[in-house]
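Pasting start.txt here (compact mmCIF, C-alpha atoms and all ligand atoms):
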# COMPACT_ATOMS: atom_id res chain seq x y z
CA MET A 1 114.65 155.92 103.35
CA LYS A 2 115.34 152.21 103.20
CA THR A 3 114.03 150.59 100.02
CA ARG A 4 112.61 147.10 99.63
CA ASP A 5 113.00 144.48 96.90
CA VAL A 6 110.12 144.36 94.42
CA ILE A 7 109.00 141.21 92.60
CA VAL A 8 106.75 140.76 89.58
CA VAL A 9 105.12 137.46 90.49
CA ASP A 10 102.75 136.99 87.55
CA GLY A 11 101.67 138.54 84.28
CA ILE A 12 99.09 137.92 81.57
CA ARG A 13 97.80 139.68 78.48
CA THR A 14 94.92 139.60 76.04
CA ALA A 15 95.60 138.52 72.50
CA PHE A 16 96.77 141.44 70.36
CA GLY A 17 94.20 142.19 67.66
CA ARG A 18 94.56 144.19 64.47
CA ALA A 19 93.29 147.74 64.88
CA GLY A 20 90.24 148.70 62.86
CA GLU A 21 86.97 147.15 61.81
CA LYS A 22 88.60 143.86 60.84
CA GLY A 23 90.20 143.60 64.25
CA VAL A 24 88.82 141.06 66.70
CA PHE A 25 88.47 143.73 69.45
CA TRP A 26 86.70 146.33 67.29
CA ASN A 27 83.48 145.99 69.32
CA THR A 28 85.25 145.61 72.66
CA ARG A 29 86.06 148.44 75.07
CA ALA A 30 89.68 149.10 76.01
CA ASP A 31 88.85 149.26 79.72
CA ASP A 32 87.11 145.87 79.51
CA MET A 33 90.33 144.42 78.08
CA ALA A 34 92.24 145.76 81.08
CA VAL A 35 89.56 144.37 83.41
CA ARG A 36 89.94 140.92 81.81
CA VAL A 37 93.65 141.03 82.61
CA ILE A 38 93.11 142.15 86.22
CA ARG A 39 90.49 139.49 86.89
CA GLU A 40 92.69 136.78 85.41
CA LEU A 41 95.64 137.87 87.56
CA MET A 42 93.41 137.54 90.62
CA ARG A 43 92.04 134.16 89.50
CA ARG A 44 95.53 132.79 88.87
CA ASN A 45 96.81 133.88 92.28
CA PRO A 46 94.41 132.54 94.92
CA LYS A 47 96.84 133.39 97.73
CA VAL A 48 96.23 137.04 96.91
CA LYS A 49 92.98 138.30 98.43
CA PRO A 50 91.38 141.29 96.65
CA GLU A 51 91.85 143.55 99.69
CA MET A 52 95.63 142.99 99.49
CA VAL A 53 95.88 144.88 96.19
CA GLU A 54 96.45 148.48 97.22
CA GLU A 55 97.26 150.16 93.92
CA ASN A 56 96.25 149.64 90.27
CA ILE A 57 98.22 151.65 87.70
CA TRP A 58 97.52 151.56 83.96
CA GLY A 59 99.30 153.16 81.03
CA ALA A 60 97.45 154.35 77.92
CA THR A 61 98.53 156.85 75.32
CA THR A 62 95.14 158.32 74.51
CA GLN A 63 93.38 158.92 77.81
CA GLU A 64 89.85 159.64 76.68
CA GLY A 65 86.70 157.68 75.80
CA ASP A 66 87.07 154.03 76.81
CA GLN A 67 90.66 154.79 77.88
CA GLY A 68 89.72 157.87 79.91
CA LEU A 69 88.54 158.61 83.47
CA THR A 70 91.87 157.54 84.98
CA MET A 71 91.61 153.87 84.09
CA GLY A 72 93.62 152.62 87.05
CA ARG A 73 90.72 153.62 89.25
CA THR A 74 87.84 152.67 86.96
CA THR A 75 89.26 149.27 86.06
CA ALA A 76 89.90 148.46 89.73
CA ILE A 77 86.20 149.09 90.43
CA LEU A 78 85.04 147.26 87.28
CA ALA A 79 87.25 144.28 88.10
CA GLY A 80 85.70 143.95 91.53
CA LEU A 81 88.70 145.05 93.57
CA PRO A 82 87.54 146.63 96.83
CA ASP A 83 87.05 150.41 97.15
CA SER A 84 90.23 150.51 99.22
CA CYS A 85 92.34 149.85 96.12
CA ALA A 86 93.70 153.14 94.76
CA GLY A 87 94.40 153.61 91.07
CA TYR A 88 95.53 156.00 88.39
CA SER A 89 96.70 156.20 84.80
CA VAL A 90 100.05 157.18 83.29
CA ASP A 91 101.12 158.15 79.81
CA ARG A 92 104.58 157.72 78.39
CA MET A 93 103.20 156.68 75.00
CA CYS A 94 104.69 153.28 74.01
CA ALA A 95 106.34 152.93 77.42
CA GLY A 96 103.13 153.74 79.33
CA GLY A 97 102.74 150.18 80.58
CA LEU A 98 106.40 149.88 81.53
CA THR A 99 106.12 153.21 83.33
CA ALA A 100 103.09 151.89 85.22
CA ILE A 101 105.27 148.96 86.32
CA THR A 102 108.22 151.09 87.44
CA ALA A 103 105.82 153.53 89.16
CA ALA A 104 104.20 150.67 91.08
CA ALA A 105 107.65 149.26 91.85
CA SER A 106 108.77 152.61 93.23
CA GLU A 107 105.70 152.77 95.50
CA ILE A 108 106.35 149.27 96.75
CA ALA A 109 110.09 149.91 97.16
CA VAL A 110 109.57 152.92 99.43
CA GLY A 111 106.82 151.20 101.41
CA ALA A 112 103.88 153.24 100.12
CA CYS A 113 102.11 149.95 99.41
CA ASP A 114 102.87 146.23 99.55
CA MET A 115 101.11 145.01 96.44
CA ALA A 116 100.00 146.46 93.11
CA ILE A 117 98.70 145.59 89.69
CA ALA A 118 100.29 147.50 86.81
CA GLY A 119 99.59 147.28 83.12
CA GLY A 120 99.07 148.98 79.83
CA VAL A 121 96.34 149.01 77.23
CA GLU A 122 95.88 150.58 73.85
CA HIS A 123 92.94 150.24 71.54
CA MET A 124 94.49 151.76 68.43
CA GLY A 125 91.30 151.00 66.52
CA HIS A 126 89.25 153.26 68.80
CA HIS A 127 92.13 155.71 69.28
CA PRO A 128 94.26 156.03 66.14
CA MET A 129 97.73 157.39 66.97
CA GLY A 130 97.63 161.12 67.59
CA ALA A 131 94.12 161.47 66.10
CA THR A 132 92.83 163.89 68.73
CA ALA A 133 96.16 165.45 69.68
CA ASP A 134 96.50 169.21 69.51
CA PRO A 135 100.24 169.86 69.50
CA ASN A 136 101.27 173.33 70.55
CA PRO A 137 102.02 175.17 67.29
CA ARG A 138 105.29 176.47 68.75
CA PHE A 139 106.42 172.88 69.02
CA LEU A 140 106.65 172.63 65.24
CA SER A 141 106.81 176.21 63.96
CA ASP A 142 109.74 177.09 66.24
CA LYS A 143 111.33 173.88 64.98
CA LEU A 144 111.69 172.54 68.51
CA VAL A 145 111.01 169.21 66.87
CA SER A 146 110.96 168.20 63.22
CA LEU A 147 107.57 167.51 61.61
CA ASP A 148 108.86 163.95 61.14
CA ALA A 149 108.63 163.45 64.89
CA MET A 150 104.83 163.25 64.55
CA ASN A 151 105.03 160.20 62.31
CA MET A 152 106.82 157.20 63.77
CA GLY A 153 107.48 155.61 60.37
CA LYS A 154 109.32 158.74 59.29
CA THR A 155 111.48 158.61 62.40
CA ALA A 156 112.45 155.09 61.34
CA GLU A 157 113.33 156.31 57.84
CA ASN A 158 115.49 158.97 59.53
CA LEU A 159 117.34 156.22 61.40
CA HIS A 160 118.08 154.51 58.08
CA ASP A 161 119.52 157.86 56.88
CA MET A 162 121.61 158.13 60.01
CA PHE A 163 122.92 154.56 59.67
CA PRO A 164 123.14 154.03 55.89
CA GLU A 165 124.95 150.74 56.43
CA ILE A 166 121.61 149.31 57.63
CA THR A 167 119.94 148.40 54.36
CA LYS A 168 116.31 147.59 53.61
CA GLU A 169 117.38 143.97 53.00
CA MET A 170 118.83 143.84 56.52
CA ALA A 171 115.59 145.23 57.98
CA ASP A 172 113.63 142.59 56.02
CA GLU A 173 115.98 139.79 57.04
CA TYR A 174 115.65 140.78 60.68
CA SER A 175 111.84 140.81 60.31
CA LEU A 176 111.77 137.40 58.64
CA HIS A 177 113.62 135.93 61.63
CA CYS A 178 111.21 137.67 63.97
CA GLN A 179 108.23 136.07 62.23
CA GLN A 180 109.94 132.67 62.24
CA LYS A 181 110.77 132.87 65.94
CA THR A 182 107.17 133.76 66.74
CA ALA A 183 105.83 130.93 64.57
CA ARG A 184 108.14 128.51 66.37
CA ALA A 185 107.11 129.81 69.80
CA TYR A 186 103.42 129.43 68.87
CA ALA A 187 104.05 125.89 67.56
CA GLU A 188 105.72 125.02 70.86
CA GLY A 189 102.75 126.40 72.82
CA LYS A 190 104.86 129.08 74.49
CA ILE A 191 102.71 132.06 73.58
CA GLN A 192 99.23 130.68 74.23
CA LYS A 193 99.87 130.32 77.96
CA MET A 194 100.62 134.05 78.26
CA ILE A 195 97.24 134.99 76.76
CA VAL A 196 93.93 135.14 78.60
CA PRO A 197 91.14 134.22 76.18
CA MET A 198 88.42 136.83 75.88
CA THR A 199 84.98 136.26 74.41
CA VAL A 200 84.21 139.18 72.11
CA TYR A 201 81.55 140.15 69.60
CA SER A 202 83.01 140.34 66.10
CA LYS A 203 81.81 140.36 62.50
CA GLU A 204 81.52 136.56 62.76
CA GLY A 205 79.39 136.85 65.90
CA TRP A 206 80.70 135.81 69.32
CA VAL A 207 84.25 134.48 69.10
CA VAL A 208 87.04 133.73 71.53
CA ALA A 209 90.07 135.97 71.02
CA ASP A 210 92.94 133.79 72.17
CA ARG A 211 95.60 134.29 69.45
CA ASP A 212 97.41 137.34 68.16
CA GLN A 213 96.09 138.49 64.78
CA GLN A 214 99.27 140.12 63.56
CA PRO A 215 101.83 137.28 63.09
CA ARG A 216 102.54 136.28 59.50
CA PRO A 217 104.28 132.89 59.64
CA GLU A 218 104.14 132.65 55.84
CA THR A 219 106.54 135.62 55.47
CA THR A 220 109.32 135.29 52.88
CA MET A 221 112.17 137.59 51.84
CA GLU A 222 110.56 137.89 48.39
CA GLY A 223 107.21 138.90 49.91
CA LEU A 224 108.89 141.47 52.14
CA ALA A 225 110.90 142.93 49.25
CA ALA A 226 107.71 143.58 47.28
CA LEU A 227 106.00 145.71 49.95
CA LYS A 228 105.32 149.42 49.62
CA THR A 229 107.23 152.02 51.64
CA PRO A 230 104.35 154.12 53.01
CA PHE A 231 106.48 156.66 54.87
CA ARG A 232 108.77 157.77 52.03
CA VAL A 233 108.88 157.32 48.28
CA GLN A 234 111.54 154.63 47.71
CA GLY A 235 112.07 154.44 51.44
CA LYS A 236 113.14 151.43 53.49
CA VAL A 237 110.37 151.04 56.07
CA THR A 238 107.48 148.77 55.03
CA PRO A 239 104.49 147.12 56.74
CA GLY A 240 106.70 144.00 56.86
CA ASN A 241 109.60 145.49 58.81
CA ALA A 242 107.49 147.66 61.11
CA SER A 243 105.27 146.76 64.05
CA GLY A 244 101.57 147.08 63.31
CA LEU A 245 98.57 148.99 64.58
CA ASN A 246 96.96 146.89 67.29
CA ASP A 247 94.52 146.55 70.18
CA GLY A 248 95.72 144.83 73.34
CA ALA A 249 96.10 144.90 77.10
CA SER A 250 98.71 143.35 79.37
CA GLY A 251 99.42 143.55 83.06
CA VAL A 252 101.41 142.17 85.97
CA LEU A 253 100.96 141.47 89.66
CA MET A 254 103.74 142.93 91.81
CA MET A 255 104.59 142.91 95.49
CA SER A 256 107.39 143.44 97.95
CA ALA A 257 109.72 140.47 98.36
CA ASP A 258 108.62 140.32 102.00
CA LYS A 259 104.96 140.05 101.01
CA ALA A 260 105.74 137.31 98.49
CA ALA A 261 107.61 135.37 101.18
CA GLU A 262 104.75 135.89 103.68
CA LEU A 263 102.24 134.50 101.16
CA GLY A 264 104.53 131.67 100.09
CA ILE A 265 104.65 132.92 96.50
CA LYS A 266 107.80 131.69 94.78
CA GLY A 267 109.63 132.72 91.60
CA GLY A 268 109.17 135.84 89.52
CA LEU A 269 111.27 138.76 88.42
CA LYS A 270 113.07 141.02 90.87
CA LEU A 271 113.50 144.56 89.60
CA LYS A 272 117.24 145.33 89.63
CA GLY A 273 116.90 148.85 88.28
CA PHE A 274 115.54 150.95 85.44
CA ALA A 275 116.12 154.16 83.52
CA TYR A 276 114.43 156.45 81.03
CA ALA A 277 116.35 158.71 78.66
CA GLY A 278 115.52 161.27 76.00
CA VAL A 279 116.85 161.60 72.44
CA LYS A 280 115.93 163.85 69.51
CA ALA A 281 112.26 163.32 68.72
CA GLU A 282 112.87 162.71 65.01
CA ILE A 283 115.04 159.66 65.78
CA MET A 284 112.92 158.30 68.61
CA GLY A 285 113.92 154.69 67.82
CA TYR A 286 117.42 155.45 69.11
CA GLY A 287 115.99 155.86 72.63
CA PRO A 288 116.68 152.34 73.99
CA ILE A 289 120.44 152.87 73.58
CA PRO A 290 120.95 155.71 76.10
CA ALA A 291 118.21 154.29 78.36
CA THR A 292 119.97 150.92 78.42
CA LYS A 293 123.36 152.50 79.12
CA ARG A 294 121.82 154.39 82.03
CA ALA A 295 120.03 151.30 83.37
CA LEU A 296 123.22 149.24 83.16
CA LYS A 297 125.11 151.97 85.01
CA ASN A 298 122.37 152.17 87.66
CA THR A 299 122.57 148.44 88.28
CA GLY A 300 126.34 148.03 87.91
CA LEU A 301 125.79 145.32 85.29
CA THR A 302 127.26 144.93 81.80
CA ILE A 303 125.34 143.92 78.70
CA ASP A 304 127.26 140.60 78.67
CA GLN A 305 125.60 139.69 81.96
CA ILE A 306 122.11 140.01 80.49
CA ASP A 307 120.83 136.58 79.44
CA ILE A 308 117.64 137.70 77.66
CA ILE A 309 116.86 141.07 76.13
CA GLU A 310 113.20 141.70 75.32
CA LEU A 311 113.30 144.66 72.96
CA ASN A 312 110.12 146.13 71.57
CA GLU A 313 110.97 146.29 67.91
CA ALA A 314 108.77 149.16 66.77
CA PHE A 315 110.79 149.04 63.55
CA ALA A 316 113.47 146.59 62.44
CA VAL A 317 116.01 149.37 61.82
CA GLN A 318 115.75 150.46 65.43
CA ALA A 319 116.36 146.93 66.71
CA ILE A 320 119.36 146.50 64.41
CA ILE A 321 120.95 149.71 65.66
CA PHE A 322 120.55 148.42 69.21
CA MET A 323 122.15 145.10 68.21
CA LYS A 324 125.10 146.90 66.62
CA GLU A 325 125.61 149.17 69.61
CA PHE A 326 125.64 146.32 72.12
CA GLY A 327 127.49 143.74 70.03
CA LEU A 328 124.59 141.34 69.39
CA LYS A 329 124.72 138.99 66.43
CA PHE A 330 122.79 140.02 63.29
CA PRO A 331 120.28 138.93 61.96
CA THR A 332 119.33 136.97 65.05
CA ASP A 333 120.94 136.57 68.43
CA ASP A 334 119.92 133.88 70.92
CA ARG A 335 119.65 136.51 73.66
CA LEU A 336 117.38 138.93 71.80
CA ASN A 337 113.62 138.38 71.64
CA PRO A 338 113.89 134.55 71.69
CA LEU A 339 110.12 134.21 71.13
CA GLY A 340 109.93 136.91 68.44
CA GLY A 341 108.94 140.52 68.84
CA ALA A 342 106.53 143.31 68.03
CA ILE A 343 107.00 143.02 64.26
CA ALA A 344 105.17 139.69 64.58
CA PHE A 345 103.02 140.13 67.72
CA GLY A 346 102.03 143.73 67.05
CA HIS A 347 102.48 146.79 69.22
CA PRO A 348 99.45 148.20 71.03
CA LEU A 349 101.55 151.12 72.37
CA ALA A 350 101.16 151.19 76.17
CA GLY A 351 100.16 147.51 76.11
CA SER A 352 103.60 146.42 74.88
CA GLY A 353 105.88 147.10 77.88
CA PRO A 354 104.14 144.60 80.18
CA ARG A 355 104.15 142.09 77.28
CA LEU A 356 107.95 142.25 77.29
CA VAL A 357 107.98 141.65 81.06
CA ILE A 358 105.58 138.72 80.68
CA HIS A 359 107.80 137.16 78.00
CA LEU A 360 110.80 137.46 80.29
CA LEU A 361 108.89 136.08 83.27
CA ASN A 362 107.83 132.97 81.37
CA GLN A 363 111.27 132.29 79.90
CA PHE A 364 112.92 132.72 83.28
CA ALA A 365 110.40 130.38 84.90
CA GLU A 366 111.29 127.74 82.31
CA ASN A 367 115.02 128.16 82.75
CA PRO A 368 116.32 128.82 86.27
CA ASN A 369 119.88 128.98 84.91
CA LEU A 370 119.14 132.38 83.40
CA ARG A 371 119.92 135.19 85.83
CA TYR A 372 119.46 138.69 84.40
CA GLY A 373 117.01 139.99 81.81
CA MET A 374 116.17 143.30 80.24
CA THR A 375 113.03 144.88 78.82
CA THR A 376 113.63 147.90 76.61
CA MET A 377 111.64 150.04 74.22
CA CYS A 378 111.60 153.28 72.26
CA VAL A 379 109.00 155.96 72.84
CA GLY A 380 107.35 158.52 70.55
CA LEU A 381 108.72 162.07 70.76
CA GLY A 382 112.14 160.69 71.56
CA GLN A 383 112.59 158.56 74.64
CA GLY A 384 113.92 155.19 75.62
CA ALA A 385 112.85 152.99 78.54
CA THR A 386 114.85 150.10 80.01
CA ALA A 387 114.25 147.91 83.03
CA ILE A 388 116.63 145.21 84.26
CA TRP A 389 115.35 142.14 86.09
CA GLU A 390 116.77 139.25 88.09
CA ASN A 391 115.35 135.74 88.00
CA VAL A 392 113.94 134.79 91.40
CA LYS A 393 114.54 131.10 91.75
C1 LIG B 1 103.32 150.30 58.30
C2 LIG B 1 101.83 150.52 58.45
C3 LIG B 1 101.45 151.93 57.93
C4 LIG B 1 101.11 149.46 57.63
O1 LIG B 1 99.75 149.58 57.85
P1 LIG B 1 98.70 148.74 56.98
O2 LIG B 1 98.82 149.16 55.56
O3 LIG B 1 97.39 148.86 57.67
O4 LIG B 1 99.31 147.29 57.19
P2 LIG B 1 98.81 145.90 56.64
O5 LIG B 1 99.00 144.92 57.72
O6 LIG B 1 97.45 146.03 56.02
O7 LIG B 1 99.87 145.57 55.55
C5 LIG B 1 99.90 146.25 54.30
C6 LIG B 1 100.17 145.23 53.22
O8 LIG B 1 101.42 144.63 53.48
C7 LIG B 1 101.27 143.22 53.51
N1 LIG B 1 102.21 142.66 54.53
C8 LIG B 1 102.41 143.11 55.78
N2 LIG B 1 103.34 142.33 56.37
C9 LIG B 1 103.72 141.41 55.46
C10 LIG B 1 104.65 140.35 55.51
N3 LIG B 1 105.35 140.07 56.58
N4 LIG B 1 104.79 139.61 54.38
C11 LIG B 1 104.07 139.87 53.26
N5 LIG B 1 103.17 140.86 53.18
C12 LIG B 1 103.00 141.62 54.27
C13 LIG B 1 99.83 143.00 53.92
O9 LIG B 1 99.38 141.74 53.51
C14 LIG B 1 99.13 144.10 53.19
O10 LIG B 1 98.97 143.71 51.86
P3 LIG B 1 97.66 144.17 51.02
O11 LIG B 1 97.74 145.67 50.98
O12 LIG B 1 97.85 143.50 49.70
O13 LIG B 1 96.51 143.67 51.81
C15 LIG B 1 101.37 150.42 59.93
O14 LIG B 1 101.48 149.09 60.36
C16 LIG B 1 102.18 151.31 60.85
O15 LIG B 1 101.97 152.52 60.88
N6 LIG B 1 103.11 150.72 61.63
C17 LIG B 1 103.89 151.48 62.57
C18 LIG B 1 103.15 151.62 63.86
C19 LIG B 1 103.79 152.64 64.75
O16 LIG B 1 104.25 153.68 64.32
N7 LIG B 1 103.78 152.35 66.04
C20 LIG B 1 104.40 153.19 67.02
C21 LIG B 1 105.84 152.92 67.03
S1 LIG B 1 106.69 153.99 68.08
For this file, produce the structure as structure tokens.
Ligand SMILES: CC(C)(COP(=O)(O)OP(=O)(O)OC[C@H]1O[C@@H](n2cnc3c(N)ncnc32)[C@H](O)[C@@H]1OP(=O)(O)O)[C@@H](O)C(=O)NCCC(=O)NCCS
Amino acid sequence: MKTRDVIVVDGIRTAFGRAGEKGVFWNTRADDMAVRVIRELMRRNPKVKPEMVEENIWGATTQEGDQGLTMGRTTAILAGLPDSCAGYSVDRMCAGGLTAITAAASEIAVGACDMAIAGGVEHMGHHPMGATADPNPRFLSDKLVSLDAMNMGKTAENLHDMFPEITKEMADEYSLHCQQKTARAYAEGKIQKMIVPMTVYSKEGWVVADRDQQPRPETTMEGLAALKTPFRVQGKVTPGNASGLNDGASGVLMMSADKAAELGIKGGLKLKGFAYAGVKAEIMGYGPIPATKRALKNTGLTIDQIDIIELNEAFAVQAIIFMKEFGLKFPTDDRLNPLGGAIAFGHPLAGSGPRLVIHLLNQFAENPNLRYGMTTMCVGLGQGATAIWENVK
């Protein structure tokens, strides 16, 4: 079967709120957040008529309640896409949104459809991580996976054990730079344009959610050093060097290169290749390393050819291991997360993968000299996900 080039032509996300009652999205449904993203993608792309969108795929980790009923289908209907638009949901935990994108890309590549919307959403306030999960007892009692695998913070502590040369100070220093990069990107107006404002009902009444709640521009090394280590007594992982618990939705509009040309849509990201890989569940943060090696092999590229790497830093230690493995400069490398990462923006699980793609899309649009980019992330229960993209000029 002959495959076709696939282009992400646009992407947008909601602000990322803090999970819980103090979060700006506490009274907002997860599916309505996805709908806001879909409607904005349609509004921003007037050359795309609703009947052209043939598939709508959404990732979510907890697929029940306001994230249930196969959201790809329900959100297509709620967003006003015609009945002819198919839709479904996927779950690869943190990489659910990225999996939605590669699933849509695969459909487009083989000619199953010409155009799709793909995204991810997670309302961690309504669906706390693993709250309603019922793991098979054999999973744990037969020691197929360590009990630590059920708690992501513990998996990060395990990575510190595995790489003792990565100290808590290094994790904090990395996180400080992340917060500073995000503060700079906000000051330069680079983040706001990736966010679709959403009017929501909060404790203060009706407000417009148009900024991420998680970033802490006031972060200092002293402040970070004083934080508790909730996952282990005298551990190394703190709320300051971990991503947070968040609510958010993000999505992209994708089509075949031929369709983009037919509609006169220019620019975007061409998918060069992607790969998923598994690792031991109790060190899930290691996942991006084998996934990236596989994706590089699949595309015939080397890490030196990648101009921007958008890595979802679930935990600082996991990002530092990636930097060491691929020869990036610590504590900050121009190529890695130039606008900051999940430690500052937050990490609404399945909502994060498309955020990485949106960051890449915007940076590539600003700088046509950049050629290749990568989006990579770790996944609960031990996986990594990496996609490699080419700047369409
Ligand atoms: C680490 C974690 C447990 C912290 O949760 P939390 O306690 O609700 O986090 P908070 O944002 O309230 O921060 C806790 C404290 O640290 C402080 N803090 C957090 N970041 C800080 C920073 N950069 N500088 C200074 N203080 C900071 C907060 O102000 C707060 O202080 P307080 O208790 O005096 O109010 C939670 O964020 C978590 O589980 N993260 C990992 C998420 C995860 O596993 N995702 C999946 C990955 S695969």
For this session: For ligand LIG 1 (chain B), list the contacting residues at 6 Å or closer, counting only C-alpha atoms and all ligand atoms, as a ChimeraX atom specification.
Result: /A:152-153,216,219,223-224,227,238-240,242-245,314,379-380
Exercise. What does the distance between atom CA of Asn45 of chain A and atom CA of Leu81 of chain A come to in Å, to one decimal place?
Worked result: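 Interatomic distance here is 13.9 Å.
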Give me the residues within 8 Å of Ser256 of chain A as an mmCIF file with C-alpha atoms, keeping the file's coordinate frame, counting all atoms listed in the file and dropping any in the same chain fewer than 4 places off.
data_model
loop_
_atom_site.group_PDB
_atom_site.id
_atom_site.type_symbol
_atom_site.label_atom_id
_atom_site.label_comp_id
_atom_site.auth_asym_id
_atom_site.auth_seq_id
_atom_site.Cartn_x
_atom_site.Cartn_y
_atom_site.Cartn_z
ATOM 1 C CA ARG A 4 112.610 147.100 99.630
ATOM 2 C CA ASP A 5 113.000 144.480 96.900
ATOM 3 C CA VAL A 6 110.120 144.360 94.420
ATOM 4 C CA ILE A 7 109.000 141.210 92.600
ATOM 5 C CA ILE A 108 106.350 149.270 96.750
ATOM 6 C CA ALA A 109 110.090 149.910 97.160
ATOM 7 C CA ASP A 114 102.870 146.230 99.550
ATOM 8 C CA MET A 115 101.110 145.010 96.440
ATOM 9 C CA ALA A 260 105.740 137.310 98.490
#
Exercise. Ala112 of chain A: which residues within 12 Å, counting only C-alpha atoms, same-chain residues fewer than 5 positions away excluded, as a PyMOL selection string?
Worked result: chain A and resi 1-4+54-55+86+103-107+255-256
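The list of residues with at least one atom within 6 Å of segment 195-205 of chain A, based on all atoms listed in the file and without residues fewer than 5 positions apart in the same chain, reads Ile12, Arg13, Thr14, Ala15, Val24 and Asp210 of chain A.
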For this session: One decimal, Å: what's the distance from atom CA of Thr28 of chain A over to atom CA of Met150 of chain A, could you say?
Result: 27.6 Å
Problem set entry | Exercise: residues within 9 Å of coordinate (106.2, 133.0, 70.9), counting only C-alpha atoms, as an NGL selection string | :A and (181-192 or 338-341 or 345 or 359)
Please produce, as a Markdown table, a per-residue contact table for segment 161-238 of chain A versus segment 276-288 of chain A (criterion: any atom at most 12 Å away, all atoms listed in the file considered), showing the nearest atom pair and its distance in Å to one decimal, sorted by chain then residue number.
| residue | atom | partner | partner_atom | distance |
| --- | --- | --- | --- | --- |
| A:Asp161 | CA | A:Ile283 | CA | 10.1 |
| A:Met162 | CA | A:Ile283 | CA | 8.9 |
| A:Phe163 | CA | A:Tyr286 | CA | 11.0 |
Select, counting all atoms listed in the file, all protein, DNA and RNA residues no farther than 6 Å from (93.9, 148.3, 71.3) in file coordinates, and express the selection as a PDB file with C-alpha atoms, in the frame of the given file.
ATOM      1  CA  GLU A 122      95.880 150.580  73.850  1.00  0.00           C
ATOM      2  CA  HIS A 123      92.940 150.240  71.540  1.00  0.00           C
ATOM      3  CA  MET A 124      94.490 151.760  68.430  1.00  0.00           C
ATOM      4  CA  ASN A 246      96.960 146.890  67.290  1.00  0.00           C
ATOM      5  CA  ASP A 247      94.520 146.550  70.180  1.00  0.00           C
ATOM      6  CA  GLY A 248      95.720 144.830  73.340  1.00  0.00           C
ATOM      7  CA  PRO A 348      99.450 148.200  71.030  1.00  0.00           C
TER       8      PRO A 348
END
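Interatomic distance, atom CA of Pro215 of chain A to atom CA of Met323 of chain A: 22.4 Å.
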Problem set entry | Residue among A:Leu41, A:Met170, A:Leu78, A:Leu349 lying closest to Pro128 of chain A, counting only C-alpha atoms |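 The closest residue to Pro128 of chain A is A:Leu349.
For the choices A:Gln305, A:Thr99, A:Ser250, A:Gln214, the atom-to-atom distance to Gly351 of chain A is smallest for A:Ser250 when using all atoms listed in the file.
For the choices A:Lys168, A:Arg43, A:Lys324, A:Lys272, the atom-to-atom distance to Ile289 of chain A is smallest for A:Lys324 when using all atoms listed in the file.
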For this session: Extract, using all atoms listed in the file, all DNA, RNA and protein residues at most 12 Å from Glu366 of chain A, discarding same-chain residues fewer than 4 positions from it, and format them as a ChimeraX atom specification.
Result: /A:190,267-268,359-362,370-371,391-393
Write a file of the just-selected residues containing C-alpha atoms, as an mmCIF file, in the frame of the given file.
data_model
loop_
_atom_site.group_PDB
_atom_site.id
_atom_site.type_symbol
_atom_site.label_atom_id
_atom_site.label_comp_id
_atom_site.auth_asym_id
_atom_site.auth_seq_id
_atom_site.Cartn_x
_atom_site.Cartn_y
_atom_site.Cartn_z
ATOM 1 C CA LYS A 190 104.860 129.080 74.490
ATOM 2 C CA GLY A 267 109.630 132.720 91.600
ATOM 3 C CA GLY A 268 109.170 135.840 89.520
ATOM 4 C CA HIS A 359 107.800 137.160 78.000
ATOM 5 C CA LEU A 360 110.800 137.460 80.290
ATOM 6 C CA LEU A 361 108.890 136.080 83.270
ATOM 7 C CA ASN A 362 107.830 132.970 81.370
ATOM 8 C CA LEU A 370 119.140 132.380 83.400
ATOM 9 C CA ARG A 371 119.920 135.190 85.830
ATOM 10 C CA ASN A 391 115.350 135.740 88.000
ATOM 11 C CA VAL A 392 113.940 134.790 91.400
ATOM 12 C CA LYS A 393 114.540 131.100 91.750
#
Problem set entry | Near-Gly120 of chain A list (7 Å; all atoms listed in the file; drop same-chain fewer than 3 positions) as JSON, numbers by chain | {"A": [58, 59, 60, 96, 97, 249, 250, 251, 350, 351, 354]}
Taking all listed atoms of segment 205-214 of chain A, build the axis-aligned box, pad each of the six sides by 6 Å, then write its centre and edge lengths in Å to one decimal as lines of an AutoDock Vina configuration file.
center_x = 89.3
center_y = 136.9
center_z = 67.9
size_x = 31.9
size_y = 18.4
size_z = 20.6
For this session: Considering only C-alpha atoms, state which residue in the set A:Glu169, A:Ser141, A:Thr61, A:Val317 is at the smallest distance from Ala226 of chain A.
Result: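 Closest candidate: A:Glu169.
Using all atoms listed in the file, the shortest contact distance between Met129 of chain A and any of A:Ala319, A:Val357, A:Gln63, A:Gly68 is found at A:Gln63.
Nearest residue to Asp66 of chain A, choosing from A:Gly327, A:Gly125, A:Gly111, A:Pro164 and counting all atoms listed in the file: A:Gly125.
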